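One structure below.
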Amino acid sequence: MAAPRIAILGAGSLGLLFGASLAASGQSVHLLRRPGHRPTEERIRLERGGERRELSLPASGIDSPPPDLSHVILCTKAHDAAPAIRQLAPALPPGAAVLTLQNGLGSQDAVAAALPGHPVSAGCTTEGAWRRDARTVVHAGIGVTRIGPLQGDDVDWCQRLGPAGLGCEPVPDIRRWLVDKLRVNALLNPLTVLHDCRNGGVLEIPGARAALESLGAEADAVLAAAGYRFAEGAAARTAAVARATADNVSSMLQDYRAGRRLELDAITGAILTLGARHGIATPEHQRIYDTLRGLAAVGR
Ligand SMILES: NC(=O)c1ccc[n+]([C@@H]2O[C@H](COP(=O)([O-])OP(=O)(O)OC[C@H]3O[C@@H](n4cnc5c(N)ncnc54)[C@H](OP(=O)(O)O)[C@@H]3O)[C@@H](O)[C@H]2O)c1
């Protein structure tokens with residue numbers, strides 16, 4: 001059997017972390033860039049714990065992928081995931097397995113729907129990565145990626161990620177992990193943008209603290225109606241995360257400051273969608289959604 005060939009679709013912060021780590025462990029990795037990107041070798045730098053590794057990875061546009069891909073790790077933002085996979089789907093060899101790693105909810109099912117007949121898994125990762133420049137990725141937070149099947153065969157992705165030094169845990173119910181992360185992201189991320197503060201700020205700014213409680217109560221009601229039960233409420237869980245990551249700038253605030261599109265639909269929008277589906281009112285999430293849509297449209 002030919003050795004697995006793994007494509008990274010969405011070679012941004014997380015994509016370069018996964019791609020460089022896999023390549024550093026001797027696995028065959030290919031970066032898929034935007035359509036029209038000319039085939040090339042890219043020098044990628046991976047910085048982790050004071051060490052710096054240089055790797056040379058083949059790359060091409062998503063419109064000219066190599067013919068022998070066996071695995072694809074989809075690392076775009078949530079709103080780009082389904083459009084990107086639709087671009088790749090016609091050229092994907094039968095049986096090629098896809099792992100989709102977006103935050104939020106909704107993109108995972110859209111990706112699976114675009115890939116009938118392919119095994120699709122979803123991952124929920126606590127790894128942290130950012131790009132120092134277009135080709136240098138910093139592994140800023142060592143985490144774990146929980147992976148479970150969404151469609152078709154259950155592919156053992158940990159067999160690929162484990163040897164690459166990326167913590168990996170197969171889970172039977174990946175949706176529960178995605179929802180658990182969603183409820184924290186839906187409280188923390190919008191409030192950091194609204195108050196232009198680091199994660200810890202939402203616990204100190206009185207207006208943010210009050211909003212955390214009311215957003216949390218709505219999220220708890222929505223998720224309970226959708227069948228998800230957690231020992232700890234969303235506000236308490238988010239407060240613990242905000243305390244543990246007090247100095248971090250949330251991904252949504254980073255995107256806002258850089259003028260990039262926010263993952264608002266996949267995060268706050270997912271709570272609104274679930275609320276509407278289960279007849280639970282979500283006025284606080286709606287207010288924050290409308291405000292951030294307005295802010296993002298105006299930009300900084
Ligand atoms: N970074 C983290 O530490 C982290 C941790 C946990 C979860 N996540 C989640 O992981 C996902 C990715 O985050 P990220 O921080 O890695 O985002 P990012 O740095 O913005 O990277 C996304 C990449 O996808 C590329 N892309 C989008 N559409 C494409 C297409 N059609 N064809 C080829 N490439 C395409 C973008 O290219 P362009 O640059 O050309 O737009 C960009 O390089 C998000 O859902 C995020 O919430 C991230």
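Chain labels A, B, ... are given in the sequence in which chains occur in the structure tokens; within each chain residues are numbered consecutively from 1, and ligands are likewise numbered from 1 in the order shown.
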
Do you know which residues are within 8 Å of ligand 1 using only C-alpha atoms and all ligand atoms? Can you write them as a JSON list (two decimals) with C-alpha atoms, in the first residue's frame?
```
[["chain", "number", "residue", "atom", "x", "y", "z"],
["A", 9, "LEU", "CA", -6.13, 22.75, 3.08],
["A", 10, "GLY", "CA", -6.01, 26.16, 4.76],
["A", 11, "ALA", "CA", -2.32, 26.63, 5.48],
["A", 12, "GLY", "CA", -2.75, 29.41, 8.06],
["A", 13, "SER", "CA", -1.77, 29.25, 11.73],
["A", 14, "LEU", "CA", -3.31, 25.89, 12.61],
["A", 15, "GLY", "CA", -2.68, 24.40, 9.16],
["A", 16, "LEU", "CA", 1.01, 25.21, 9.23],
["A", 32, "LEU", "CA", -3.01, 23.34, -0.71],
["A", 33, "ARG", "CA", -3.12, 27.08, -1.33],
["A", 34, "ARG", "CA", -5.64, 29.33, -3.06],
["A", 35, "PRO", "CA", -6.53, 28.55, -6.70],
["A", 61, "GLY", "CA", -3.14, 25.63, -5.68],
["A", 62, "ILE", "CA", -6.30, 23.84, -4.57],
["A", 75, "CYS", "CA", -7.83, 24.13, 8.57],
["A", 76, "THR", "CA", -9.62, 27.13, 7.07],
["A", 77, "LYS", "CA", -11.80, 29.43, 9.11],
["A", 78, "ALA", "CA", -15.34, 28.06, 9.58],
["A", 80, "ASP", "CA", -14.32, 29.16, 4.31],
["A", 81, "ALA", "CA", -14.51, 25.43, 5.07],
["A", 83, "PRO", "CA", -16.46, 26.54, -0.10],
["A", 84, "ALA", "CA", -12.85, 25.30, 0.08],
["A", 85, "ILE", "CA", -13.77, 21.62, 0.26],
["A", 87, "GLN", "CA", -13.31, 23.39, -4.71],
["A", 101, "LEU", "CA", -10.84, 21.32, 12.49],
["A", 102, "GLN", "CA", -12.97, 24.46, 12.69],
["A", 103, "ASN", "CA", -14.18, 26.12, 15.85],
["A", 104, "GLY", "CA", -17.90, 26.67, 16.16],
["A", 124, "CYS", "CA", -11.90, 19.89, 18.41],
["A", 125, "THR", "CA", -8.46, 21.17, 19.24],
["A", 126, "THR", "CA", -6.98, 23.05, 22.17],
["A", 127, "GLU", "CA", -3.65, 23.53, 20.36],
["A", 128, "GLY", "CA", -2.64, 27.17, 20.01],
["A", 129, "ALA", "CA", -0.76, 28.56, 17.00],
["A", 130, "TRP", "CA", -0.05, 31.93, 15.45],
["A", 131, "ARG", "CA", 2.01, 33.09, 12.51],
["A", 140, "ALA", "CA", 2.13, 28.80, 21.39],
["A", 141, "GLY", "CA", -0.03, 26.41, 23.37],
["A", 251, "SER", "CA", -8.90, 34.66, 18.16],
["A", 263, "GLU", "CA", -16.19, 33.53, 12.91]]
```

Report task. Excluding stretch 268-281 of chain A and any residue of its chain fewer than 6 positions from it, enumerate the residues within 6 Å of it, using only C-alpha atoms, and give them as number ranges by chain. Result -> A: 105, 186, 222

Spatial neighbours of stretch 2-6 of chain A, max dist 7 Å, only C-alpha atoms, sep filter under 6 positions, as a PDB file with N, CA, C and O atoms, in the first residue's frame:
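Below is the file that was written, selection-v6.pdb:
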```pdb
ATOM      1  N   SER A  28       4.420  12.410   4.729  1.00  0.00           N
ATOM      2  CA  SER A  28       4.359  13.134   3.451  1.00  0.00           C
ATOM      3  C   SER A  28       3.213  14.148   3.490  1.00  0.00           C
ATOM      4  O   SER A  28       2.044  13.783   3.613  1.00  0.00           O
ATOM      5  N   VAL A  29       3.576  15.429   3.398  1.00  0.00           N
ATOM      6  CA  VAL A  29       2.599  16.515   3.571  1.00  0.00           C
ATOM      7  C   VAL A  29       2.623  17.419   2.337  1.00  0.00           C
ATOM      8  O   VAL A  29       3.695  17.692   1.780  1.00  0.00           O
ATOM      9  N   HIS A  30       1.462  17.882   1.926  1.00  0.00           N
ATOM     10  CA  HIS A  30       1.346  18.795   0.781  1.00  0.00           C
ATOM     11  C   HIS A  30       0.442  19.957   1.187  1.00  0.00           C
ATOM     12  O   HIS A  30      -0.659  19.734   1.699  1.00  0.00           O
ATOM     13  N   ASP A  68      -2.534  11.776  -5.646  1.00  0.00           N
ATOM     14  CA  ASP A  68      -2.479  10.618  -4.742  1.00  0.00           C
ATOM     15  C   ASP A  68      -2.755  10.970  -3.280  1.00  0.00           C
ATOM     16  O   ASP A  68      -2.220  10.337  -2.373  1.00  0.00           O
ATOM     17  N   LEU A  69      -3.599  11.977  -3.048  1.00  0.00           N
ATOM     18  CA  LEU A  69      -3.893  12.333  -1.662  1.00  0.00           C
ATOM     19  C   LEU A  69      -4.707  11.222  -0.994  1.00  0.00           C
ATOM     20  O   LEU A  69      -5.679  10.737  -1.565  1.00  0.00           O
ATOM     21  N   SER A  70      -4.312  10.840   0.210  1.00  0.00           N
ATOM     22  CA  SER A  70      -5.102   9.856   0.958  1.00  0.00           C
ATOM     23  C   SER A  70      -5.821  10.503   2.131  1.00  0.00           C
ATOM     24  O   SER A  70      -6.815   9.976   2.628  1.00  0.00           O
ATOM     25  N   HIS A  71      -5.290  11.653   2.617  1.00  0.00           N
ATOM     26  CA  HIS A  71      -5.847  12.322   3.792  1.00  0.00           C
ATOM     27  C   HIS A  71      -5.844  13.833   3.542  1.00  0.00           C
ATOM     28  O   HIS A  71      -4.887  14.351   2.943  1.00  0.00           O
ATOM     29  N   VAL A  72      -6.864  14.513   4.046  1.00  0.00           N
ATOM     30  CA  VAL A  72      -6.906  15.984   3.974  1.00  0.00           C
ATOM     31  C   VAL A  72      -7.253  16.517   5.359  1.00  0.00           C
ATOM     32  O   VAL A  72      -8.227  16.054   5.970  1.00  0.00           O
TER      33      VAL A  72
END
```

**Report entry** Distance query A:Leu194 at most 10 Å, only C-alpha atoms, self and fewer than 3 positions along chain excluded, as an NGL selection string
**Finding:** :A and (189-191 or 197 or 202 or 208 or 253 or 288 or 291-292 or 295)

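As for atom CA of A:Glu41 and atom CA of A:Leu57, they are spaced 5.4 Å apart.
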
If you take only C-alpha atoms and a cut-off of 12 Å, which residues of stretch 132-178 of chain A touch stretch 227-242 of chain A, and what are their nearest atom pairs and distances in Å to one decimal, in chain and number order, as JSON lines?
```
{"residue": "A:Asp173", "atom": "CA", "partner": "A:Tyr228", "partner_atom": "CA", "distance": 11.5}
{"residue": "A:Arg175", "atom": "CA", "partner": "A:Tyr228", "partner_atom": "CA", "distance": 9.6}
{"residue": "A:Arg176", "atom": "CA", "partner": "A:Tyr228", "partner_atom": "CA", "distance": 7.2}
{"residue": "A:Trp177", "atom": "CA", "partner": "A:Tyr228", "partner_atom": "CA", "distance": 10.4}
{"residue": "A:Leu178", "atom": "CA", "partner": "A:Tyr228", "partner_atom": "CA", "distance": 11.1}
```

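Using only C-alpha atoms, the shortest contact distance between A:Leu74 and any of A:Gly117, A:Gly36, A:Gly19, A:Pro149 is found at A:Gly19.
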
Report task. Among the residues of stretch 39-234 of chain A, find those DSSP assigns to helix (DSSP H, G or I) from the backbone and print them as a PyMOL selection string. Result -> chain A and resi 78-91+107-113+158-164+174-194+201-204+206-225+234

I need the chosen residues saved as a compact mmCIF listing (two decimals), in the first residue's frame, with C-alpha atoms.
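Result file result-v2.txt:
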```
# COMPACT_ATOMS: atom_id res chain seq x y z
CA ALA A 78 -15.34 28.06 9.58
CA HIS A 79 -16.93 30.29 6.88
CA ASP A 80 -14.32 29.16 4.31
CA ALA A 81 -14.51 25.43 5.07
CA ALA A 82 -17.39 24.28 2.86
CA PRO A 83 -16.46 26.54 -0.10
CA ALA A 84 -12.85 25.30 0.08
CA ILE A 85 -13.77 21.62 0.26
CA ARG A 86 -16.22 22.05 -2.63
CA GLN A 87 -13.31 23.39 -4.71
CA LEU A 88 -11.23 20.32 -3.87
CA ALA A 89 -13.95 17.64 -3.97
CA PRO A 90 -13.90 16.90 -7.74
CA ALA A 91 -10.17 16.14 -7.60
CA SER A 107 -19.18 24.03 9.08
CA GLN A 108 -18.54 20.38 9.97
CA ASP A 109 -21.88 19.15 8.62
CA ALA A 110 -21.57 21.38 5.55
CA VAL A 111 -18.17 19.82 4.82
CA ALA A 112 -19.53 16.27 5.23
CA ALA A 113 -22.48 17.08 2.94
CA CYS A 158 -4.32 9.70 15.93
CA GLN A 159 -2.08 7.25 14.07
CA ARG A 160 -0.97 10.25 11.97
CA LEU A 161 -1.03 13.00 14.61
CA GLY A 162 0.46 11.09 17.56
CA PRO A 163 3.88 10.47 15.93
CA ALA A 164 3.92 14.17 14.96
CA ILE A 174 -17.29 14.68 18.86
CA ARG A 175 -20.38 16.94 18.78
CA ARG A 176 -20.41 17.13 22.56
CA TRP A 177 -16.79 18.36 22.54
CA LEU A 178 -17.58 20.88 19.81
CA VAL A 179 -20.59 22.14 21.76
CA ASP A 180 -18.57 22.38 24.98
CA LYS A 181 -16.00 24.56 23.21
CA LEU A 182 -18.74 26.49 21.40
CA ARG A 183 -20.38 27.62 24.65
CA VAL A 184 -17.06 29.04 25.90
CA ASN A 185 -16.26 30.69 22.57
CA ALA A 186 -19.78 32.14 22.33
CA LEU A 187 -19.35 33.91 25.66
CA LEU A 188 -15.68 34.83 25.70
CA ASN A 189 -14.86 35.80 22.11
CA PRO A 190 -17.62 38.35 21.42
CA LEU A 191 -17.15 40.01 24.82
CA THR A 192 -13.41 40.48 24.24
CA VAL A 193 -14.20 42.23 20.94
CA LEU A 194 -16.98 44.32 22.43
CA GLY A 201 -10.79 41.53 31.09
CA VAL A 202 -14.24 39.95 30.83
CA LEU A 203 -13.99 39.07 34.53
CA GLU A 204 -12.90 42.55 35.58
CA PRO A 206 -18.37 45.14 35.23
CA GLY A 207 -20.47 45.30 32.03
CA ALA A 208 -18.64 42.32 30.55
CA ARG A 209 -19.03 40.25 33.73
CA ALA A 210 -22.79 40.89 33.79
CA ALA A 211 -23.09 40.01 30.09
CA LEU A 212 -21.13 36.81 30.69
CA GLU A 213 -23.82 35.69 33.14
CA SER A 214 -26.78 36.55 30.90
CA LEU A 215 -25.19 35.07 27.77
CA GLY A 216 -24.33 31.98 29.82
CA ALA A 217 -27.90 31.55 31.06
CA GLU A 218 -29.21 31.73 27.48
CA ALA A 219 -26.58 29.29 26.21
CA ASP A 220 -27.38 26.84 29.03
CA ALA A 221 -31.10 26.93 28.16
CA VAL A 222 -30.46 26.49 24.43
CA LEU A 223 -27.99 23.62 24.85
CA ALA A 224 -30.18 21.84 27.40
CA ALA A 225 -33.10 22.05 24.94
CA ALA A 234 -21.51 28.05 30.51
```

Requested in this report: Using DSSP on the backbone coordinates, identify all residues within stretch 92-270 of chain A classified as strand (DSSP E); present the result as a PyMOL selection string.
Outcome: chain A and resi 97-100+120-125+128-133+136-141+144-151+167-170

Can you write out the residues you just picked, keeping C-alpha atoms, as a compact mmCIF listing (two decimals), in the first residue's frame?
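Output saved as part-v9.txt:
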```txt
# COMPACT_ATOMS: atom_id res chain seq x y z
CA ALA A 97 -10.33 10.80 4.38
CA VAL A 98 -11.02 14.35 5.58
CA LEU A 99 -10.52 15.82 9.05
CA THR A 100 -12.17 19.18 9.63
CA VAL A 120 -15.24 12.69 7.29
CA SER A 121 -14.12 13.26 10.89
CA ALA A 122 -14.36 16.39 12.98
CA GLY A 123 -11.77 17.55 15.46
CA CYS A 124 -11.90 19.89 18.41
CA THR A 125 -8.46 21.17 19.24
CA GLY A 128 -2.64 27.17 20.01
CA ALA A 129 -0.76 28.56 17.00
CA TRP A 130 -0.05 31.93 15.45
CA ARG A 131 2.01 33.09 12.51
CA ARG A 132 5.02 35.31 13.04
CA ASP A 133 5.03 35.82 9.27
CA THR A 136 6.70 30.98 10.33
CA VAL A 137 4.31 29.32 12.75
CA VAL A 138 4.66 29.50 16.52
CA HIS A 139 3.27 26.59 18.53
CA ALA A 140 2.13 28.80 21.39
CA GLY A 141 -0.03 26.41 23.37
CA VAL A 144 -4.95 18.03 22.57
CA THR A 145 -7.08 17.35 19.50
CA ARG A 146 -10.17 15.24 20.09
CA ILE A 147 -11.43 13.54 16.97
CA GLY A 148 -14.56 11.60 16.16
CA PRO A 149 -16.34 10.35 13.06
CA LEU A 150 -19.06 12.39 11.35
CA GLN A 151 -19.59 10.35 8.19
CA GLY A 167 -1.77 15.27 21.39
CA CYS A 168 -4.69 13.28 20.03
CA GLU A 169 -7.65 11.49 21.54
CA PRO A 170 -10.35 9.58 19.65
```

Query raised in the report: Quick one: residues within 9 Å of A:Ser25, only C-alpha atoms counted, chain neighbours fewer than 2 positions away excluded, as a list in words?
Result: Ala20, Ser21, Leu22, Ala23, Gln27, Pro163, Ala164 and Gly165 of chain A

**Report entry** Spatial neighbours of A:Arg261, max dist 10 Å, only C-alpha atoms, sep filter under 4 positions, as a ChimeraX atom specification
**Finding:** /A:77,79,252,255-256,293,296-297,299

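A straight line drawn from atom CA of A:Arg243 to atom CA of A:His195 is 16.4 Å long.
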
Query raised in the report: Pick from A:Leu166, A:Val249, A:Leu92, A:Val155: nearest to A:Gly143, with only C-alpha atoms counted?
Result: A:Leu166
